[in-house]
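To keep things clear, I will list the structure first and then write my remarks on it.
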Amino acid sequence: MKFGICNLSSAPLRIEPSHKSEMVNELLFGETYKIIEKYENWYKIISDFDDYHGWINENQFCNIDEMEYTRIKKSKLFYTKNLCENIFNKTKNIKSPIIIGSTLPALKNKSFKINNDFYEFYGDTSDEKSDIRESLIKTAKKYLNAPYLWGGRSPFGIDCSGFTQIVFKIQGIELFRDAAQQATQGKNLNFISEAKPGDLAFFDNEEGDIVHVGIIMENKKIIHAYGCVRIDNIDHNGIFNSELNKYTHNLRLIKKII
């Protein structure tokens with residue numbers, strides 16, 4: 001089996017091996033993956049973080065051998081906390097931007113290594129917090145007004161479940177990729193009044209399928225990606241958009257993840 005790592009700020013995963021195909025997910029810097037198929041100049045991969053399948057173009061593919069893959073997988077992983085930072089590739093003398101939620105493997109003394117390249121990073125990274133819920137909400141607010149993008153996981157374009165996944169990732173908590181998958185995690189809460197900041201709320205469509213997710217805040221508010229990352233009111237019926245003066249999402253269930 002072959003392995004790879006995202007060495008760009010981000011890289012799209014597509015449902016078919018074509019630049020015209022729908023983007024279904026997005027890799028961020030430092031995320032590893034396994035190669036399961038090759039077609040012309042495309043690789044079908046499985047992302048290690050969320051087991052998501054997709055096609056990546058060979059121009060955005062960075063190979064790592066099994067030994068390097070194992071080293072990275074076993075190392076302590078750090079995640080970037082600011083919207084955009086620079087890393088410096090000392091080996092190639094290149095400075096590159098990376099975005100919030102990027103992975104830095106085995107970071108020590110502001111340095112880390114991928115293959116034979118040595119990097120320096122002087123920005124903020126994730127660490128243990130005494131109040132994870134407070135940290136979750138603080139991180140979530142950094143994405144406010146980020147535009148909605150199907151399959152996106154960055155502050156320059158993100159979907160509802162990509163938003164919740166990355167916010168929790170930065171706290172060291174792994175969520176599945178899609179809203180319906182995330183709804184299988186955690187503990188059910190019976191009433192909206194039981195919810196605390198950092199709990200997840202899930203919403204369904206007319207067919208009863210879970211299609212949306214957001215993060216509960218204080219004072220009957222929710223932060224979610226809908227058009228853009230925004231804060232709206234929530235009650236036992238669902239999300240009420242005061243600008244549209246109507247409910248936009250029907251509440252299905254609430255989950256306690258932490």
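For the structure tokens, the naming scheme is as follows: chains receive sequential letters (A, B, ...) according to their order of presentation, residues are indexed from 1 within each chain, and ligands are indexed from 1 in presentation order.
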Q.
With only C-alpha atoms as the counted atoms, please give the residues lying no more than 7 Å from Trp42 (chain A), apart from itself and same-chain residues fewer than 5 positions off, as a PyMOL selection string.
A. chain A and resi 17+55-58
Q: Could you pull out the residues in region 55-163 of chain A that DSSP calls helix (DSSP H, G or I) from the backbone, as an MDAnalysis selection string?
A: chainID A and resid 58:60 66:74 132:141 160:163
Could you write out that same residue set with C-alpha atoms as a PDB file, in the first residue's frame?
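Dumped everything to part06.pdb:
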ATOM      1  CA  GLU A  58      -1.169  13.833  -8.750  1.00  0.00           C
ATOM      2  CA  ASN A  59      -0.052  17.488  -8.905  1.00  0.00           C
ATOM      3  CA  GLN A  60      -1.234  17.843  -5.299  1.00  0.00           C
ATOM      4  CA  GLU A  66       5.601   3.336   5.113  1.00  0.00           C
ATOM      5  CA  MET A  67       8.279   4.130   7.681  1.00  0.00           C
ATOM      6  CA  GLU A  68       7.567   7.870   7.534  1.00  0.00           C
ATOM      7  CA  TYR A  69       3.824   7.220   7.557  1.00  0.00           C
ATOM      8  CA  THR A  70       4.153   5.085  10.704  1.00  0.00           C
ATOM      9  CA  ARG A  71       6.390   7.673  12.393  1.00  0.00           C
ATOM     10  CA  ILE A  72       3.856  10.435  11.775  1.00  0.00           C
ATOM     11  CA  LYS A  73       0.903   8.302  12.839  1.00  0.00           C
ATOM     12  CA  LYS A  74       2.608   7.427  16.125  1.00  0.00           C
ATOM     13  CA  ILE A 132     -12.885  22.528  26.632  1.00  0.00           C
ATOM     14  CA  ARG A 133     -16.389  23.886  26.066  1.00  0.00           C
ATOM     15  CA  GLU A 134     -15.216  27.477  26.357  1.00  0.00           C
ATOM     16  CA  SER A 135     -12.345  26.750  24.001  1.00  0.00           C
ATOM     17  CA  LEU A 136     -14.712  25.132  21.476  1.00  0.00           C
ATOM     18  CA  ILE A 137     -16.915  28.212  21.300  1.00  0.00           C
ATOM     19  CA  LYS A 138     -13.907  30.529  21.090  1.00  0.00           C
ATOM     20  CA  THR A 139     -12.541  28.514  18.179  1.00  0.00           C
ATOM     21  CA  ALA A 140     -15.925  28.323  16.454  1.00  0.00           C
ATOM     22  CA  LYS A 141     -16.277  32.119  16.514  1.00  0.00           C
ATOM     23  CA  CYS A 160     -21.802  22.520   8.211  1.00  0.00           C
ATOM     24  CA  SER A 161     -20.220  19.209   9.221  1.00  0.00           C
ATOM     25  CA  GLY A 162     -16.747  20.290   8.087  1.00  0.00           C
ATOM     26  CA  PHE A 163     -17.144  23.231  10.458  1.00  0.00           C
TER      27      PHE A 163
END
Q: Considering only C-alpha atoms, state which residue in the set A:Asn205, A:Phe78, A:Leu200, A:Phe176 is at the smallest distance from Met217 (chain A).
A: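 Using only C-alpha atoms, Met217 (chain A) sits closest to A:Leu200.
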**Q.** Selected residue, from A:Tyr143, A:Phe168, A:Phe191, A:Tyr52, that lies nearest to Ile231 (chain A) when counting only C-alpha atoms
**A.**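 Nearest to Ile231 (chain A): A:Tyr143.
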Q.
Given only C-alpha atoms as the basis, pick out the residue of A:Ile94, A:Ile158, A:Val229, A:Val211 nearest to Leu251 (chain A).
A. A:Val211
Q | Nearest to Lys2 (chain A), chosen from A:Asp178, A:Asp199, A:Glu37, A:Glu243, with only C-alpha atoms counted in the distances | A | A:Glu37
Q.
Just checking: using only C-alpha atoms, which residue out of A:Ala225, A:Leu104, A:Ile36, A:Leu28 ends up closest to Ser10 (chain A)?
A.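 Using only C-alpha atoms, Ser10 (chain A) sits closest to A:Leu28.
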Q: Find the residue from A:Tyr122, A:Phe112, A:Phe203, A:Phe156 that sits nearest to Gly30 (chain A); use only C-alpha atoms when measuring.
A: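 Ranking A:Tyr122, A:Phe112, A:Phe203, A:Phe156 by distance to Gly30 (chain A), first place goes to A:Phe112.
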